[in-house]
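Coordinates as given in query.txt (compact mmCIF, C-alpha atoms):
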```txt
# COMPACT_ATOMS: atom_id res chain seq x y z
CA MET A 1480 223.68 81.55 118.71
CA PHE A 1481 221.33 79.75 116.33
CA TYR A 1482 221.47 78.19 112.87
CA LEU A 1483 219.29 79.45 110.03
CA PHE A 1484 218.43 77.85 106.69
CA THR A 1485 217.78 80.51 104.03
CA TYR A 1486 216.28 79.72 100.63
CA GLY A 1487 215.29 83.04 99.08
CA THR A 1488 215.93 86.73 99.51
CA LEU A 1489 218.26 86.25 102.52
CA MET A 1490 220.77 84.22 100.46
CA ARG A 1491 223.98 85.74 99.16
CA GLY A 1492 223.36 87.95 96.13
CA PHE A 1493 219.71 88.68 96.96
CA ARG A 1494 218.09 91.86 98.23
CA ASN A 1495 217.74 90.94 101.93
CA HIS A 1496 221.15 89.35 102.45
CA ALA A 1497 222.36 92.49 104.24
CA PHE A 1498 220.28 91.35 107.25
CA LEU A 1499 222.83 88.53 107.64
CA SER A 1500 225.83 90.85 107.49
CA GLY A 1501 228.49 89.63 109.91
CA GLN A 1502 226.87 86.20 110.36
CA LYS A 1503 228.88 83.06 109.63
CA PHE A 1504 228.11 81.22 106.39
CA ILE A 1505 228.25 77.46 107.01
CA LYS A 1506 227.31 75.77 103.70
CA ARG A 1507 224.97 75.49 100.75
CA THR A 1508 222.64 72.52 101.01
CA ARG A 1509 219.34 70.99 99.99
CA PHE A 1510 216.58 70.09 102.47
CA GLY A 1511 214.25 67.20 101.65
CA GLY A 1512 210.60 66.88 102.68
CA VAL A 1513 209.82 70.45 101.61
CA TYR A 1514 208.89 72.28 98.41
CA LEU A 1515 209.02 75.83 97.10
CA LYS A 1516 206.37 78.05 95.49
CA ARG A 1517 206.63 81.51 93.96
CA ALA A 1518 204.58 84.32 95.52
CA THR A 1519 203.84 86.56 92.55
CA ASN A 1520 203.27 90.29 92.25
CA GLU A 1521 199.50 89.99 92.52
CA VAL A 1522 199.94 88.13 95.82
CA THR A 1523 202.64 90.27 97.40
CA GLY A 1524 201.70 93.64 96.00
CA ASN A 1525 205.23 94.72 95.11
CA TYR A 1526 207.68 91.90 94.29
CA GLU A 1527 208.18 88.15 94.01
CA TYR A 1528 209.68 85.90 96.65
CA PRO A 1529 209.73 82.19 97.47
CA VAL A 1530 207.56 80.45 100.05
CA MET A 1531 208.58 77.04 101.40
CA PHE A 1532 206.06 74.41 102.54
CA ILE A 1533 206.36 71.03 104.21
CA GLY A 1534 205.58 68.21 101.79
CA ASP A 1535 207.08 66.01 99.13
CA ASN A 1536 209.04 67.29 96.17
CA LYS A 1537 211.70 65.07 94.65
CA ASN A 1538 214.11 68.02 94.44
CA GLY A 1539 213.63 69.43 97.95
CA VAL A 1540 214.70 73.04 98.49
CA LEU A 1541 218.15 74.47 97.93
CA GLY A 1542 219.52 77.06 100.32
CA GLU A 1543 222.26 78.24 102.65
CA ILE A 1544 222.89 77.63 106.33
CA TYR A 1545 224.22 80.40 108.57
CA GLU A 1546 225.31 80.56 112.18
CA CYS A 1547 223.64 83.68 113.56
CA GLU A 1548 223.89 85.73 116.72
CA ASP A 1549 220.82 85.67 118.99
CA TYR A 1550 220.11 89.41 118.70
CA LEU A 1551 219.18 88.87 115.03
CA LEU A 1552 216.20 86.57 115.62
CA PRO A 1553 213.55 89.27 116.34
CA PHE A 1554 214.65 91.20 113.23
CA LEU A 1555 214.37 88.07 111.06
CA ASP A 1556 210.97 87.26 112.57
CA ALA A 1557 209.76 90.75 111.67
CA LEU A 1558 211.19 90.54 108.14
CA GLU A 1559 209.54 87.16 107.51
CA GLY A 1560 206.20 88.08 109.08
CA GLU A 1561 206.62 85.28 111.64
CA GLY A 1562 203.25 84.26 113.01
CA TYR A 1563 201.42 85.56 109.95
CA LEU A 1564 203.02 84.99 106.52
CA TYR A 1565 205.48 82.41 107.83
CA TYR A 1566 206.10 80.46 110.97
CA ARG A 1567 209.54 79.62 112.31
CA ALA A 1568 210.11 75.86 112.46
CA LYS A 1569 213.04 73.78 113.71
CA PHE A 1570 214.62 71.17 111.50
CA LYS A 1571 217.51 68.91 112.41
CA ALA A 1572 220.73 68.75 110.40
CA LYS A 1573 224.33 67.75 110.85
CA ILE A 1574 226.77 70.62 111.12
CA LYS A 1575 230.41 69.77 111.76
CA ASN A 1576 229.34 66.15 112.48
CA VAL A 1577 226.93 67.22 115.24
CA THR A 1578 223.13 67.16 114.86
CA GLU A 1579 221.87 70.69 115.41
CA ASP A 1580 218.52 72.49 115.38
CA ILE A 1581 218.14 74.82 112.42
CA PHE A 1582 215.47 77.50 112.15
CA VAL A 1583 213.54 77.60 108.88
CA TYR A 1584 210.72 79.94 107.86
CA ILE A 1585 207.79 77.90 106.49
CA GLY A 1586 204.80 79.39 104.68
CA ASN A 1587 201.75 79.64 106.91
CA PRO A 1588 199.10 77.44 105.26
CA ASP A 1589 196.32 79.54 106.84
CA VAL A 1590 197.53 82.49 104.76
CA TRP A 1591 198.92 80.80 101.64
CA GLY A 1592 196.72 77.69 101.46
CA ASP A 1593 194.12 79.09 99.06
CA VAL A 1594 196.53 81.21 97.02
CA ASP A 1595 197.33 79.87 93.55
CA MET A 1596 201.15 80.03 93.34
CA PRO A 1597 203.37 78.26 90.82
CA LEU A 1598 205.51 75.41 92.11
CA ILE A 1599 209.26 75.90 91.70
CA GLU A 1600 210.03 72.32 90.69
CA SER A 1601 213.81 72.74 90.87
CA GLY A 1602 213.56 73.82 94.51
CA LYS A 1603 215.92 76.71 93.90
CA TRP A 1604 215.40 80.46 93.90
CA GLY A 1605 217.59 82.20 91.34
CA ASP A 1606 221.02 80.97 90.26
CA PHE A 1607 221.98 78.21 92.61
CA ASP A 1608 223.72 75.14 91.27
CA GLU A 1609 226.25 73.63 93.63
CA ILE A 1610 225.56 72.25 97.08
CA ASP A 1611 227.72 70.70 99.77
CA GLU A 1612 225.28 67.97 100.86
CA VAL A 1613 221.65 66.87 100.90
CA ILE A 1614 219.85 66.94 104.26
CA GLU A 1615 216.79 64.79 104.82
CA ASN A 1616 215.24 66.74 107.66
CA ASP A 1617 213.42 65.70 110.80
CA VAL A 1618 210.63 68.25 111.02
```

Give the structure from this file in structure tokens form.
Amino acid sequence: MFYLFTYGTLMRGFRNHAFLSGQKFIKRTRFGGVYLKRATNEVTGNYEYPVMFIGDNKNGVLGEIYECEDYLLPFLDALEGEGYLYYRAKFKAKIKNVTEDIFVYIGNPDVWGDVDMPLIESGKWGDFDEIDEVIENDV
């Protein structure tokens, strides 16, 4: 079992959420110490999606935390292009009053560093207004 923070197409209501079918939703939250940019059509070749980076943004990034079964990790790594487009990082957050490791997919600066992408100042992808808590992460 592992925890996953999602902030884009894996969230409820978005096109890749089916990959999390059967996984346990924990809560909506905001992570601090990170920011979000929009990969546009000219970058991705076929559609837009968000890319999260480590760094300051007063709004952080809004997303959802899931408890996932271990078998899912290689599928998520493949979907996210782990090791190329993104790398899988571990953040720390409290879940049920216990500090837990949470996997987060962070944009690979070697790939995205020179790409001009607009900042998503709100830190949210799509319609996302209410959160349960704010997490200041330990990266």

| message | Report, in Å with one decimal, the straight-line distance from atom CA of A:Gly1542 to atom CA of A:Phe1510. | response |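 Interatomic distance, atom CA of A:Gly1542 to atom CA of A:Phe1510: 7.9 Å.
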
| atom CA of A:Phe1582 to atom CA of A:Thr1485, distance in Å rounded to a single decimal |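 Calculated distance between atom CA of A:Phe1582 and atom CA of A:Thr1485 is 9.0 Å.
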
| task | Find the residues near stretch 1568-1581 of chain A: any atom within 12 Å, counting only C-alpha atoms, skip ones fewer than 3 places away on the same chain, and give them as a PyMOL selection string. | result | chain A and resi 1480-1485+1504-1513+1531-1533+1543-1547+1556+1561-1562+1565+1584-1587+1611-1618

Next, the residues of the selection above should be written as a short mmCIF file (atom, residue, chain, number, x, y, z; two decimals), in the coordinates of the input with C-alpha atoms.
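part.cif, written as the output of this step:
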```cif
data_model
loop_
_atom_site.label_atom_id
_atom_site.label_comp_id
_atom_site.auth_asym_id
_atom_site.auth_seq_id
_atom_site.Cartn_x
_atom_site.Cartn_y
_atom_site.Cartn_z
CA MET A 1480 223.68 81.55 118.71
CA PHE A 1481 221.33 79.75 116.33
CA TYR A 1482 221.47 78.19 112.87
CA LEU A 1483 219.29 79.45 110.03
CA PHE A 1484 218.43 77.85 106.69
CA THR A 1485 217.78 80.51 104.03
CA PHE A 1504 228.11 81.22 106.39
CA ILE A 1505 228.25 77.46 107.01
CA LYS A 1506 227.31 75.77 103.70
CA ARG A 1507 224.97 75.49 100.75
CA THR A 1508 222.64 72.52 101.01
CA ARG A 1509 219.34 70.99 99.99
CA PHE A 1510 216.58 70.09 102.47
CA GLY A 1511 214.25 67.20 101.65
CA GLY A 1512 210.60 66.88 102.68
CA VAL A 1513 209.82 70.45 101.61
CA MET A 1531 208.58 77.04 101.40
CA PHE A 1532 206.06 74.41 102.54
CA ILE A 1533 206.36 71.03 104.21
CA GLU A 1543 222.26 78.24 102.65
CA ILE A 1544 222.89 77.63 106.33
CA TYR A 1545 224.22 80.40 108.57
CA GLU A 1546 225.31 80.56 112.18
CA CYS A 1547 223.64 83.68 113.56
CA ASP A 1556 210.97 87.26 112.57
CA GLU A 1561 206.62 85.28 111.64
CA GLY A 1562 203.25 84.26 113.01
CA TYR A 1565 205.48 82.41 107.83
CA TYR A 1584 210.72 79.94 107.86
CA ILE A 1585 207.79 77.90 106.49
CA GLY A 1586 204.80 79.39 104.68
CA ASN A 1587 201.75 79.64 106.91
CA ASP A 1611 227.72 70.70 99.77
CA GLU A 1612 225.28 67.97 100.86
CA VAL A 1613 221.65 66.87 100.90
CA ILE A 1614 219.85 66.94 104.26
CA GLU A 1615 216.79 64.79 104.82
CA ASN A 1616 215.24 66.74 107.66
CA ASP A 1617 213.42 65.70 110.80
CA VAL A 1618 210.63 68.25 111.02
#
```

| task | Compare A:Gly1539, A:Gly1501, A:Pro1529, A:Gly1560 by their minimum atom-to-atom distance to A:Ser1601, counting all atoms listed in the file, and give me the closest one. | result |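 Distance minimum relative to A:Ser1601 lands on A:Gly1539.
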
| query | Is there a way to get, as a list in words, all residues within 7 Å of the point (209.8, 79.9, 98.5) in file coordinates, counting only C-alpha atoms? | reply |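 With a cut-off of 7 Å, the residues come to Tyr1486, Gly1487, Leu1515, Lys1516, Arg1517, Tyr1528, Pro1529, Val1530 and Met1531 of chain A.
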
| query | Quick one, how far is atom CA of A:Asp1595 from atom CA of A:Thr1519? | reply |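 Interatomic distance here is 9.4 Å.
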